[in-house]
Each structure stands twice: as C-alpha cells, then as structure tokens.
$ cat data-v6.cif   # mmCIF, C-alpha atoms
data_entry
#
loop_
_atom_site.label_atom_id
_atom_site.label_comp_id
_atom_site.auth_asym_id
_atom_site.auth_seq_id
_atom_site.Cartn_x
_atom_site.Cartn_y
_atom_site.Cartn_z
CA MET P 1 138.07 39.73 66.94
CA ILE P 2 134.96 40.03 69.14
CA ARG P 3 135.03 43.79 68.66
CA THR P 4 135.32 43.31 64.90
CA PHE P 5 132.39 40.88 64.97
CA LEU P 6 130.28 43.40 66.87
CA ARG P 7 131.27 46.14 64.40
CA VAL P 8 130.23 43.97 61.46
CA VAL P 9 126.95 42.79 62.95
CA LEU P 10 125.67 45.46 65.33
CA LEU P 11 127.68 48.66 65.76
CA PRO P 12 126.95 51.80 63.71
CA ASP P 13 129.20 52.28 60.71
CA ARG P 14 129.77 55.51 58.81
CA THR P 15 132.18 54.42 56.11
CA ARG P 16 131.28 56.07 52.82
CA VAL P 17 131.45 54.53 49.37
CA PHE P 18 132.67 57.86 48.02
CA GLY P 19 135.45 59.22 50.21
CA ALA P 20 136.72 62.79 50.56
CA GLY P 21 139.01 62.40 47.56
CA ASP P 22 136.10 61.44 45.31
CA SER P 23 134.16 64.72 45.69
CA ARG P 24 134.42 65.55 41.98
CA PHE P 25 132.32 62.50 41.02
CA LYS P 26 130.34 62.15 44.24
CA LEU P 27 126.96 63.42 43.05
CA PHE P 28 127.15 61.53 39.76
CA GLY P 29 128.21 58.35 41.57
CA GLN P 30 125.41 58.61 44.13
CA ALA P 31 122.83 59.13 41.40
CA ALA P 32 124.19 56.16 39.43
CA VAL P 33 124.01 53.88 42.51
CA LEU P 34 120.41 54.89 43.24
CA VAL P 35 119.34 54.44 39.62
CA TYR P 36 121.02 51.03 39.54
CA GLY P 37 119.20 50.03 42.73
CA LEU P 38 115.89 51.26 41.35
CA VAL P 39 116.30 49.22 38.16
CA LEU P 40 117.17 46.11 40.18
CA ALA P 41 114.25 46.64 42.53
CA ILE P 42 111.83 46.87 39.59
CA GLY P 43 113.41 43.83 37.92
CA ILE P 44 113.39 41.59 41.02
CA SER P 45 109.86 42.51 42.08
CA SER P 46 108.56 42.11 38.51
CA ALA P 47 110.19 38.69 38.18
CA TYR P 48 108.61 37.66 41.47
CA VAL P 49 105.14 38.73 40.33
CA GLN P 50 105.55 36.79 37.08
CA ARG P 51 106.75 33.57 38.76
CA GLU P 52 104.66 33.53 41.92
CA SER P 53 101.03 34.17 42.52
CA PRO P 54 100.41 37.89 43.17
CA ASP P 55 100.21 37.67 46.94
CA GLY P 56 101.18 41.23 47.80
CA TRP P 57 104.74 40.53 48.96
CA TRP P 58 106.48 42.18 46.00
CA PRO P 59 106.71 45.59 47.80
CA LEU P 60 108.89 43.90 50.44
CA LEU P 61 111.35 42.72 47.79
CA PHE P 62 111.26 46.16 46.16
CA ALA P 63 112.02 47.85 49.51
CA ILE P 64 114.85 45.42 50.37
CA VAL P 65 116.66 45.94 47.07
CA LEU P 66 116.19 49.70 46.79
CA GLY P 67 116.91 50.13 50.51
CA THR P 68 120.16 48.22 50.11
CA TYR P 69 121.48 50.64 47.50
CA ALA P 70 120.18 53.68 49.36
CA LEU P 71 121.97 52.47 52.48
CA VAL P 72 125.20 51.62 50.65
CA LEU P 73 125.85 55.33 50.13
CA PHE P 74 126.07 55.84 53.89
CA SER P 75 127.49 52.49 54.99
CA PRO P 76 128.47 49.55 52.73
CA LEU P 77 128.56 47.39 55.86
CA GLY P 78 125.00 48.36 56.76
CA ALA P 79 123.91 47.62 53.19
CA TRP P 80 125.55 44.19 53.42
CA ARG P 81 123.64 43.47 56.64
CA LEU P 82 120.33 44.30 54.95
CA ALA P 83 121.23 42.35 51.81
CA THR P 84 122.31 39.26 53.77
CA ALA P 85 119.09 39.29 55.76
CA GLY P 86 117.23 39.83 52.48
CA LEU P 87 118.66 36.57 51.12
CA PHE P 88 116.42 34.64 53.51
CA ALA P 89 113.34 36.69 52.60
CA MET P 90 113.95 36.09 48.90
CA ARG P 91 114.41 32.38 49.43
CA LEU P 92 111.13 32.15 51.37
CA LEU P 93 109.25 34.09 48.69
CA ASN P 94 110.94 32.75 45.52
CA THR P 95 110.02 29.10 45.95
CA HIS P 96 110.37 28.37 42.23
CA GLU P 97 114.02 29.59 42.03
CA PRO P 98 116.29 26.49 42.01
CA ALA P 99 119.59 28.35 42.55
CA ILE P 100 120.59 30.15 45.74
CA LEU P 101 120.88 33.40 43.79
CA GLY P 102 118.93 34.05 40.63
CA ASP P 103 120.12 36.27 37.77
CA TRP P 104 118.64 39.45 39.22
CA GLN P 105 119.78 38.52 42.72
CA TRP P 106 123.39 38.13 41.59
CA CYS P 107 123.26 41.69 40.22
CA TRP P 108 121.86 42.82 43.58
CA TYR P 109 124.01 41.00 46.15
CA LEU P 110 127.41 40.79 44.44
CA PRO P 111 128.09 44.57 44.11
CA VAL P 112 127.32 45.04 47.82
CA LEU P 113 129.83 42.34 48.76
CA VAL P 114 132.42 43.88 46.42
CA GLY P 115 131.85 47.28 48.05
CA VAL P 116 132.65 45.79 51.45
CA GLY P 117 135.87 44.30 50.09
CA LEU P 118 136.93 47.59 48.56
CA ARG P 119 136.28 49.77 51.60
CA TYR P 120 137.20 47.72 54.69
CA GLY P 121 140.28 46.17 56.28
CA GLY P 122 141.27 42.53 56.60
CA ARG P 123 139.51 41.69 59.87
CA VAL P 124 136.18 43.13 58.78
CA VAL P 125 136.39 41.37 55.42
CA PHE P 126 137.24 38.06 57.13
CA VAL P 127 134.22 38.28 59.46
CA VAL P 128 132.00 39.26 56.53
CA ALA P 129 133.29 36.23 54.57
CA VAL P 130 132.53 33.88 57.46
CA ILE P 131 129.01 35.23 58.01
CA THR P 132 128.32 35.25 54.27
CA THR P 133 129.40 31.62 54.05
CA GLY P 134 127.01 30.65 56.83
CA ALA P 135 124.15 32.67 55.36
CA VAL P 136 124.62 31.21 51.87
CA TYR P 137 124.72 27.68 53.32
CA LEU P 138 121.51 28.20 55.30
CA VAL P 139 119.76 29.73 52.29
CA GLY P 140 120.94 26.79 50.16
CA ALA P 141 119.73 24.32 52.78
CA MET P 142 116.26 25.80 52.41
CA GLY P 143 116.30 24.72 48.75
CA ASN P 144 119.07 22.84 46.97
CA LEU P 145 122.59 22.57 48.41
CA ASP P 146 124.00 21.48 45.04
CA HIS P 147 124.35 25.18 44.19
CA PHE P 148 126.19 25.98 47.42
CA PRO P 149 129.84 25.23 46.36
CA PRO P 150 129.87 27.22 43.08
CA THR P 151 127.93 30.11 44.64
CA LEU P 152 130.28 30.32 47.61
CA LEU P 153 133.35 30.01 45.38
CA PHE P 154 132.27 32.88 43.14
CA LEU P 155 131.26 35.13 46.05
CA GLY P 156 134.50 34.39 47.92
CA LEU P 157 136.62 35.08 44.84
CA ALA P 158 134.83 38.40 44.23
CA LEU P 159 135.34 39.41 47.86
CA LEU P 160 139.02 38.45 47.77
CA VAL P 161 139.75 40.31 44.53
CA SER P 162 137.91 43.43 45.68
CA TYR P 163 139.78 43.35 49.00
CA ALA P 164 143.10 43.12 47.13
CA PHE P 165 142.26 46.19 45.04
CA GLY P 166 140.95 48.06 48.06
CA SER P 167 144.08 47.30 50.09
CA ARG P 168 146.28 48.57 47.31
CA GLY P 169 144.26 51.77 47.06
CA ARG P 170 144.41 52.34 50.82
CA ALA P 171 148.17 51.71 50.83
CA GLU P 172 148.66 54.26 48.04
CA ARG P 173 146.56 56.83 49.89
CA ARG P 174 148.59 56.30 53.07
CA PHE P 175 151.81 56.64 51.09
CA HIS P 176 150.71 59.93 49.53
CA GLU P 177 149.45 61.26 52.87
CA GLU P 178 152.75 60.42 54.59
CA ARG P 179 154.73 61.89 51.70
CA ASP P 180 152.72 65.10 51.80
CA ALA P 181 153.09 65.31 55.58
CA LYS P 182 156.85 64.89 55.30
CA ALA P 183 157.00 67.47 52.50
CA ALA P 184 155.01 69.88 54.66
CA LEU P 185 157.46 69.48 57.56
CA VAL P 186 160.45 70.04 55.27
CA GLU P 187 158.79 73.09 53.75
CA ARG P 188 157.96 74.52 57.16
CA ALA P 189 161.61 74.22 58.19
CA ARG P 190 162.62 76.00 54.99
CA ILE P 191 160.04 78.72 55.60
CA ALA P 192 161.37 79.19 59.12
CA ARG P 193 164.93 79.58 57.81
CA GLU P 194 163.84 82.18 55.28
CA MET P 195 161.60 84.04 57.72
CA HIS P 196 164.57 84.24 60.09
CA ASP P 197 166.37 86.50 57.64
CA VAL P 198 163.31 88.72 57.27
CA VAL P 199 162.69 89.05 61.01
CA ALA P 200 166.39 89.35 61.86
CA HIS P 201 166.66 92.34 59.51
CA HIS P 202 163.93 94.20 61.37
CA MET P 203 165.31 93.22 64.77
CA SER P 204 168.73 94.47 63.69
CA MET P 205 167.18 97.78 62.70
CA VAL P 206 165.56 98.01 66.15
CA ALA P 207 168.90 97.35 67.84
CA VAL P 208 170.73 99.90 65.69
CA ARG P 209 168.10 102.60 66.26
CA CYS P 210 168.15 101.98 70.00
CA GLU P 211 171.96 102.31 70.09
CA THR P 212 171.99 105.48 67.99
CA ALA P 213 169.00 107.12 69.70
CA PRO P 214 171.14 109.05 72.28
CA TYR P 215 173.14 110.57 69.43
CA ARG P 216 170.16 111.40 67.24
CA ILE P 217 167.88 112.72 69.97
CA THR P 218 169.36 115.31 72.29
CA GLY P 219 168.22 115.97 75.82
CA LEU P 220 167.03 112.46 76.64
CA PRO P 221 166.50 111.89 80.37
CA GLU P 222 168.39 109.14 82.19
CA ALA P 223 165.30 106.91 82.22
CA GLY P 224 164.95 107.26 78.45
CA LEU P 225 168.60 106.34 77.85
CA LYS P 226 168.19 103.30 80.08
CA GLU P 227 165.02 102.27 78.24
CA PHE P 228 166.71 102.47 74.82
CA ALA P 229 169.68 100.47 76.13
CA GLU P 230 167.40 97.73 77.48
CA LEU P 231 165.44 97.60 74.22
CA GLY P 232 168.67 97.25 72.25
CA ASP P 233 169.86 94.43 74.52
CA ALA P 234 166.49 92.66 74.13
CA ALA P 235 166.66 92.97 70.32
CA ARG P 236 170.20 91.53 70.21
CA ALA P 237 169.16 88.69 72.53
CA ALA P 238 166.21 87.92 70.25
CA ILE P 239 168.53 87.79 67.23
CA ALA P 240 170.86 85.40 69.08
CA ASP P 241 167.93 83.16 70.05
CA MET P 242 166.68 83.04 66.46
CA GLN P 243 170.15 82.11 65.22
CA ASN P 244 170.33 79.26 67.74
CA LEU P 245 166.90 78.04 66.65
CA LEU P 246 167.93 78.30 63.02
CA GLY P 247 170.89 76.03 63.77
CA VAL P 248 168.45 73.33 64.87
CA LEU P 249 166.42 73.65 61.66
CA ARG P 250 169.47 73.58 59.38
CA SER P 251 171.06 70.25 58.57
CA ALA P 252 174.66 69.61 59.55
CA ASP P 253 176.11 70.07 56.06
CA GLN P 254 173.94 73.04 55.11
CA GLN P 255 175.62 76.40 54.83
CA ALA P 256 173.95 79.59 55.91
CA ASP P 257 172.49 81.66 53.08
CA ARG P 258 173.80 85.19 53.49
CA ALA P 259 172.11 86.63 50.41
CA PRO P 260 169.11 88.91 50.98
CA GLN P 261 165.75 87.16 50.65
CA PRO P 262 163.87 88.05 47.44
CA GLY P 263 160.67 90.05 47.51
CA LEU P 264 157.91 91.44 45.36
CA ALA P 265 160.23 93.53 43.20
CA ASP P 266 162.31 90.46 42.30
CA ILE P 267 159.40 88.73 40.52
CA ARG P 268 160.18 90.66 37.35
CA ALA P 269 163.60 89.03 37.34
CA LEU P 270 161.82 85.68 37.00
CA VAL P 271 159.29 86.88 34.40
CA PRO P 272 160.20 90.22 32.77
CA GLN P 273 156.71 90.69 31.31
CA ALA P 274 155.00 90.06 34.66
CA SER P 275 152.42 92.56 35.86
CA VAL P 276 153.41 93.33 39.44
CA ALA P 277 151.63 95.92 41.55
CA ASP P 278 153.86 98.69 42.88
CA ALA P 279 152.78 98.17 46.49
CA ASP P 280 154.46 98.36 49.85
CA VAL P 281 153.89 94.91 51.34
CA PRO P 282 155.50 93.25 54.37
CA PRO P 283 158.78 91.54 53.45
CA ALA P 284 157.46 88.15 54.51
CA VAL P 285 154.47 88.53 52.18
CA GLY P 286 156.72 89.59 49.32
CA LEU P 287 158.94 86.56 49.90
CA THR P 288 155.92 84.24 49.88
CA ALA P 289 154.62 85.75 46.63
CA TYR P 290 158.06 85.34 45.04
CA ARG P 291 158.26 81.67 46.07
CA VAL P 292 154.76 80.97 44.73
CA VAL P 293 155.66 82.42 41.33
CA GLN P 294 159.00 80.61 41.34
CA GLU P 295 157.40 77.21 42.06
CA ALA P 296 154.62 77.78 39.51
CA LEU P 297 157.21 78.58 36.82
CA THR P 298 159.18 75.47 37.72
CA ASN P 299 156.07 73.32 37.38
CA ALA P 300 155.22 74.93 34.02
CA ARG P 301 158.71 74.24 32.63
CA ARG P 302 158.62 70.67 33.91
CA HIS P 303 155.09 69.63 32.97
CA ALA P 304 154.33 71.95 30.02
CA PRO P 305 157.65 72.69 28.29
CA GLY P 306 157.43 75.39 25.67
CA SER P 307 154.25 76.91 27.11
CA SER P 308 153.79 80.64 27.57
CA VAL P 309 153.37 81.87 31.14
CA SER P 310 151.59 84.99 32.40
CA VAL P 311 152.02 86.40 35.90
CA VAL P 312 149.78 88.99 37.55
CA VAL P 313 150.36 90.24 41.10
CA SER P 314 147.84 92.73 42.45
CA VAL P 315 146.48 94.08 45.72
CA VAL P 316 142.76 93.38 46.19
CA ASP P 317 140.83 94.03 49.41
CA GLN P 318 143.81 94.12 51.77
CA ALA P 319 145.31 90.99 50.23
CA LEU P 320 148.02 90.26 47.72
CA GLU P 321 146.70 88.12 44.87
CA VAL P 322 149.18 86.14 42.79
CA PHE P 323 147.91 84.61 39.55
CA VAL P 324 150.19 82.44 37.42
CA ARG P 325 148.82 80.79 34.30
CA ASN P 326 150.53 78.73 31.62
CA THR P 327 149.15 77.54 28.30
CA ALA P 328 149.32 73.97 27.04
CA GLY P 329 152.83 72.86 26.21
CA GLY P 330 154.76 69.80 25.18
CA PRO P 331 154.74 66.40 26.89
CA SER P 332 155.56 66.45 30.58
CA ARG P 333 159.18 65.73 31.43
CA GLY P 334 158.15 64.22 34.74
CA GLY P 335 160.42 64.45 37.72
CA GLY P 336 159.91 66.39 40.89
CA GLY P 337 158.72 65.04 44.18
CA GLY P 338 155.16 66.29 43.83
CA HIS P 339 155.74 68.71 46.70
CA GLY P 340 155.42 72.01 44.84
CA LEU P 341 151.75 72.61 45.62
CA VAL P 342 152.27 71.42 49.18
CA GLY P 343 155.02 74.01 49.62
CA MET P 344 152.85 76.77 48.15
CA ARG P 345 149.98 76.00 50.49
CA GLU P 346 152.27 75.82 53.53
CA ARG P 347 153.81 79.20 52.73
CA VAL P 348 150.51 80.94 52.08
CA ALA P 349 148.92 79.31 55.14
CA VAL P 350 151.52 81.05 57.31
CA HIS P 351 149.73 84.32 56.48
CA GLY P 352 146.22 82.85 56.69
CA GLY P 353 145.79 82.79 52.91
CA SER P 354 144.67 80.20 50.38
CA VAL P 355 145.89 78.60 47.15
CA THR P 356 143.90 77.13 44.28
CA ALA P 357 145.58 75.19 41.49
CA GLU P 358 143.65 73.59 38.65
CA PRO P 359 143.79 72.85 34.91
CA THR P 360 142.35 75.41 32.50
CA PRO P 361 139.86 74.59 29.69
CA ASP P 362 142.54 75.14 27.01
CA GLY P 363 144.82 72.46 28.48
CA GLY P 364 147.00 74.76 30.57
CA PHE P 365 147.26 75.23 34.31
CA ALA P 366 146.50 78.10 36.66
CA VAL P 367 147.67 78.86 40.18
CA ARG P 368 146.00 81.55 42.26
CA ALA P 369 147.23 82.53 45.72
CA ARG P 370 145.60 85.03 48.04
CA ILE P 371 147.87 86.34 50.81
CA PRO P 372 146.32 88.67 53.42
CA LEU P 373 148.42 91.73 54.13
CA GLY P 374 147.19 92.21 57.68
CA GLU P 375 147.61 95.53 59.42
CA ARG P 376 150.35 97.64 57.86
#
$ encode --input "data-v6.cif" --output "structure tokens"
Amino acid sequence: MIRTFLRVVLLPDRTRVFGAGDSRFKLFGQAAVLVYGLVLAIGISSAYVQRESPDGWWPLLFAIVLGTYALVLFSPLGAWRLATAGLFAMRLLNTHEPAILGDWQWCWYLPVLVGVGLRYGGRVVFVVAVITTGAVYLVGAMGNLDHFPPTLLFLGLALLVSYAFGSRGRAERRFHEERDAKAALVERARIAREMHDVVAHHMSMVAVRCETAPYRITGLPEAGLKEFAELGDAARAAIADMQNLLGVLRSADQQADRAPQPGLADIRALVPQASVADADVPPAVGLTAYRVVQEALTNARRHAPGSSVSVVVSVVDQALEVFVRNTAGGPSRGGGGGHGLVGMRERVAVHGGSVTAEPTPDGGFAVRARIPLGER
C-alpha cells in the first residue's frame, strides 16, 4: 500500500487516456480534450474576474485548468494531482463561492476523477478516493462544511461507477488477449504439423537421390559413395526426428493426415474464377497462400452470406500478394471463435510477411497478405 501511495502522490506515471487500441480516434479525442479544457479555462477565469476584483490572479486559474487537461493526455493521475492541488488555490481565490465546487469547477474536476477511475486498478483508485476525501474536507473547512457530505457523496459515486466500467473494460481486454494468445499457440501447432509434410517431402527426395546416386552416376570414388550414404542416413534421421516432434504436437485422438498439402494451384478449386499467377513458389508459401484464401472465404460466407468474392494472387517484388475481397452480403450468421485473422497473421509471419484486413467503403471486407518468397 505504501508503494501505491507513492505512485499516486509522487512517482512518475505514464498511463494514457487513449490506449493502443484507441488509435483510430486518438487525434480526435486529444483535440476534443484540449478544446474542452480551453473552454473551461476561459469560463472559470472569466467567472473569477466577474465575481472578484481584478487582482491579476486569473491567469493562475486559467493555467491550472488548461494544464490539467493538457496533462491528462499523458497521465490522468498527474492531472488529478494538479487538479486536487488546484482546489485549494480556487478556494483561496474564490472567496464569494459558497459551495466547495462551483458550476464551472464541477465540470473541471469531475471528469479528471472519472478518468482516474476508468484507467487505474483498485488500489490506486482507493488511495485516490482517500486523498480526495481529505482534500475536499480541508477545502470545505476553509469555507462552509455544510456542502462537504453531498459533494463527497457525488464525487465518490462518480469514482466508483467509473472504476466499475473501467474494470469491466480491462477484464474484457485481458480475456481477448488471452484468447488470441491461445489461438496463436493452437495455430502455430497446426502450422508445424502442416509444414512437417512439406519439409518431409523434400527430405525424402534428398534421401532417395542419395540412395540412387551410385546407380545414376557411374565411376563414383569410394569417398563419394560414402558421402552419399551418410547424407541419406542424415536425411532419414531428420525425417524420424520430425515425426517424433509431430507426435508431441498432435493430440492423442488426432489421426495423421496423409493427404498431400494444398498449394498455389489448388486455390482455383476453392474459387474457380480466381486470378492466380502461374509462378513457381516454395511449397510452404503456396500452402500459406491457400490457407489465407480458405480462411477469408470462410469468413465471407459466415459474416456476409450471399456476397460475391474476388481472389487475386500475384507475384510483386519477390513476394506473393494474396488479395481477397467480398462485397456486402446478408446479415452475419455469427459463430466462429474469432481466430481466423489470428491464424492468417501467424501463418504469414512465419515467412516474415504481413496481413491487413479491413472493411471496404461499399460495406464489404478485404484481406491482403504479402508473403516474401525469399531466395529461390
């Protein structure tokens, strides 16, 4: 608790009002906060000038209010510190205000307290509530304590409600992060099982060519025959090791898939009208492109039934680009675990590529994957 107290009162804090998931509205939100603070600063300083004799202290009030909302973008806790200290300055300057918080001051202090409740955990919120209670009492004691109970009740209720909403939001984010992490692990195991078949095929070809080399190439010296034999043994040992590893990745009741893994040429079986480049790509890249198209089609059927889908696969700058777009369709049927995009990104990341998936202006959806081909 001492550490929490120090964090609330003294230690630097870099919690942001707009987190990483809010990047789409970040600039608009920051501008709105600053404009709101500017309006409040003008209102509070103007009200002070009208009520009190113009003694030159209004710039201090203006700076406290505007500084609070400039600081809240970088640290709601830091903004609360400034605002709580500003309560005493406003009480000393606003001698004609009977209540602890006037109308303008409610609009200034309450959003800052709500921001703390939304963004921080239980211990921080508890310490903030205790310090706020003490500060409000001292400010009330400088004027009229009759306003202390209702002021504290309203501030405490606002802090409690905002903390409840913030806790729910944080719990949902943790749930989605854990779900995505689990989905990524499952997808990686599936990728490993599928890549086994691709690699095992090439290793088998190496073993076969090493075994048949003495019959295909005449006049090999003894050292060459020994070298081919050792290479063949190493290839067979590698295949055995991969099969053992695959047994660990496969669940107990899962049967081995003996069918060949699909590739680039099999995309037309999914979408006959697809435009697929006639290119010689590594089997692993072809498999990844096939799975991306397959998952994008599944999502289109599930979330936009009846829509038309276009598929374009092309080679651009030593990379395979997969573009799948569907038009707007009927109402979403729901279902699915929400892991489709996670699986796409995991597969493409194996090759050092990238995936973008976003709605289109006409109400459809587009998926674009870029898969580097590497050295061929």
$ atom_distance --input "data-v6.cif" --atom1 "CA of Phe323 (chain P)" --atom2 "CA of Ala369 (chain P)"
6.5 Å
$ resolve_selection --input "data-v6.cif" --expression "the PyMOL selection byres ((chain P and resi 105-110) around 9)" --output "number ranges by chain"
P: 37, 40-41, 44, 65, 68-69, 80, 83-84, 87, 90, 100-104, 111-115, 155, 158-159
$ write_last_selection --input "data-v6.cif" --atoms "C-alpha atoms" --output "PDB file, keeping the file's coordinate frame"
ATOM      1  CA  GLY P  37     119.200  50.030  42.730  1.00  0.00           C
ATOM      2  CA  LEU P  40     117.170  46.110  40.180  1.00  0.00           C
ATOM      3  CA  ALA P  41     114.250  46.640  42.530  1.00  0.00           C
ATOM      4  CA  ILE P  44     113.390  41.590  41.020  1.00  0.00           C
ATOM      5  CA  VAL P  65     116.660  45.940  47.070  1.00  0.00           C
ATOM      6  CA  THR P  68     120.160  48.220  50.110  1.00  0.00           C
ATOM      7  CA  TYR P  69     121.480  50.640  47.500  1.00  0.00           C
ATOM      8  CA  TRP P  80     125.550  44.190  53.420  1.00  0.00           C
ATOM      9  CA  ALA P  83     121.230  42.350  51.810  1.00  0.00           C
ATOM     10  CA  THR P  84     122.310  39.260  53.770  1.00  0.00           C
ATOM     11  CA  LEU P  87     118.660  36.570  51.120  1.00  0.00           C
ATOM     12  CA  MET P  90     113.950  36.090  48.900  1.00  0.00           C
ATOM     13  CA  ILE P 100     120.590  30.150  45.740  1.00  0.00           C
ATOM     14  CA  LEU P 101     120.880  33.400  43.790  1.00  0.00           C
ATOM     15  CA  GLY P 102     118.930  34.050  40.630  1.00  0.00           C
ATOM     16  CA  ASP P 103     120.120  36.270  37.770  1.00  0.00           C
ATOM     17  CA  TRP P 104     118.640  39.450  39.220  1.00  0.00           C
ATOM     18  CA  PRO P 111     128.090  44.570  44.110  1.00  0.00           C
ATOM     19  CA  VAL P 112     127.320  45.040  47.820  1.00  0.00           C
ATOM     20  CA  LEU P 113     129.830  42.340  48.760  1.00  0.00           C
ATOM     21  CA  VAL P 114     132.420  43.880  46.420  1.00  0.00           C
ATOM     22  CA  GLY P 115     131.850  47.280  48.050  1.00  0.00           C
ATOM     23  CA  LEU P 155     131.260  35.130  46.050  1.00  0.00           C
ATOM     24  CA  ALA P 158     134.830  38.400  44.230  1.00  0.00           C
ATOM     25  CA  LEU P 159     135.340  39.410  47.860  1.00  0.00           C
TER      26      LEU P 159
END
$ atom_distance --input "data-v6.cif" --atom1 "CA of Phe5 (chain P)" --atom2 "CA of Pro76 (chain P)"
15.5 Å
$ resolve_selection --input "data-v6.cif" --expression "the PyMOL selection byres ((chain P and resi 292) around 10)" --output "PyMOL selection string"
chain P and resi 267+286-291+293-298+322-324+340-341+343-345+347-348+355+367-369
$ residues_around --input "data-v6.cif" --residues "region 209-220 of chain P" --least-positions-apart "4" --cutoff "10 Å" --atoms "all atoms listed in the file" --output "PyMOL selection string"
chain P and resi 203-205+224-233+235
$ resolve_selection --input "data-v6.cif" --expression "the PyMOL selection byres ((chain P and resi 136) around 9)" --output "number ranges by chain"
P: 84, 87, 100, 131-135, 137-141, 148, 151-152
$ build_atoms --input "data-v6.cif" --residues "region 117-136 of chain P" --atoms "N, CA and C atoms" --output "PDB file, in the coordinates of the input"
ATOM      1  N   GLY P 117     134.471  44.644  50.305  1.00  0.00           N
ATOM      2  CA  GLY P 117     135.870  44.300  50.090  1.00  0.00           C
ATOM      3  C   GLY P 117     136.736  45.489  49.730  1.00  0.00           C
ATOM      4  N   LEU P 118     136.159  46.424  48.977  1.00  0.00           N
ATOM      5  CA  LEU P 118     136.930  47.590  48.560  1.00  0.00           C
ATOM      6  C   LEU P 118     137.168  48.586  49.692  1.00  0.00           C
ATOM      7  N   ARG P 119     136.241  48.687  50.622  1.00  0.00           N
ATOM      8  CA  ARG P 119     136.280  49.770  51.600  1.00  0.00           C
ATOM      9  C   ARG P 119     136.808  49.387  52.974  1.00  0.00           C
ATOM     10  N   TYR P 120     136.882  48.095  53.314  1.00  0.00           N
ATOM     11  CA  TYR P 120     137.200  47.720  54.690  1.00  0.00           C
ATOM     12  C   TYR P 120     138.500  46.914  54.772  1.00  0.00           C
ATOM     13  N   GLY P 121     139.036  46.868  56.018  1.00  0.00           N
ATOM     14  CA  GLY P 121     140.280  46.170  56.280  1.00  0.00           C
ATOM     15  C   GLY P 121     140.104  44.671  56.390  1.00  0.00           C
ATOM     16  N   GLY P 122     141.246  43.983  56.636  1.00  0.00           N
ATOM     17  CA  GLY P 122     141.270  42.530  56.600  1.00  0.00           C
ATOM     18  C   GLY P 122     140.367  41.864  57.614  1.00  0.00           C
ATOM     19  N   ARG P 123     140.333  42.339  58.850  1.00  0.00           N
ATOM     20  CA  ARG P 123     139.510  41.690  59.870  1.00  0.00           C
ATOM     21  C   ARG P 123     138.025  41.789  59.556  1.00  0.00           C
ATOM     22  N   VAL P 124     137.595  42.955  59.134  1.00  0.00           N
ATOM     23  CA  VAL P 124     136.180  43.130  58.780  1.00  0.00           C
ATOM     24  C   VAL P 124     135.817  42.239  57.605  1.00  0.00           C
ATOM     25  N   VAL P 125     136.668  42.195  56.601  1.00  0.00           N
ATOM     26  CA  VAL P 125     136.390  41.370  55.420  1.00  0.00           C
ATOM     27  C   VAL P 125     136.353  39.891  55.801  1.00  0.00           C
ATOM     28  N   PHE P 126     137.232  39.462  56.705  1.00  0.00           N
ATOM     29  CA  PHE P 126     137.240  38.060  57.130  1.00  0.00           C
ATOM     30  C   PHE P 126     135.931  37.699  57.831  1.00  0.00           C
ATOM     31  N   VAL P 127     135.478  38.547  58.763  1.00  0.00           N
ATOM     32  CA  VAL P 127     134.220  38.280  59.460  1.00  0.00           C
ATOM     33  C   VAL P 127     133.054  38.290  58.481  1.00  0.00           C
ATOM     34  N   VAL P 128     133.049  39.213  57.550  1.00  0.00           N
ATOM     35  CA  VAL P 128     132.000  39.260  56.530  1.00  0.00           C
ATOM     36  C   VAL P 128     132.004  37.971  55.711  1.00  0.00           C
ATOM     37  N   ALA P 129     133.190  37.469  55.355  1.00  0.00           N
ATOM     38  CA  ALA P 129     133.290  36.230  54.570  1.00  0.00           C
ATOM     39  C   ALA P 129     132.719  35.047  55.347  1.00  0.00           C
ATOM     40  N   VAL P 130     133.038  34.990  56.638  1.00  0.00           N
ATOM     41  CA  VAL P 130     132.530  33.880  57.460  1.00  0.00           C
ATOM     42  C   VAL P 130     131.013  33.929  57.562  1.00  0.00           C
ATOM     43  N   ILE P 131     130.463  35.104  57.862  1.00  0.00           N
ATOM     44  CA  ILE P 131     129.010  35.230  58.010  1.00  0.00           C
ATOM     45  C   ILE P 131     128.311  34.987  56.674  1.00  0.00           C
ATOM     46  N   THR P 132     128.901  35.474  55.587  1.00  0.00           N
ATOM     47  CA  THR P 132     128.320  35.250  54.270  1.00  0.00           C
ATOM     48  C   THR P 132     128.288  33.769  53.936  1.00  0.00           C
ATOM     49  N   THR P 133     129.366  33.068  54.280  1.00  0.00           N
ATOM     50  CA  THR P 133     129.400  31.620  54.050  1.00  0.00           C
ATOM     51  C   THR P 133     128.266  30.917  54.788  1.00  0.00           C
ATOM     52  N   GLY P 134     128.091  31.257  56.063  1.00  0.00           N
ATOM     53  CA  GLY P 134     127.010  30.650  56.830  1.00  0.00           C
ATOM     54  C   GLY P 134     125.643  30.992  56.275  1.00  0.00           C
ATOM     55  N   ALA P 135     125.455  32.252  55.882  1.00  0.00           N
ATOM     56  CA  ALA P 135     124.150  32.670  55.360  1.00  0.00           C
ATOM     57  C   ALA P 135     123.851  31.959  54.044  1.00  0.00           C
ATOM     58  N   VAL P 136     124.841  31.875  53.161  1.00  0.00           N
ATOM     59  CA  VAL P 136     124.620  31.210  51.870  1.00  0.00           C
ATOM     60  C   VAL P 136     124.315  29.727  52.074  1.00  0.00           C
TER      61      VAL P 136
END
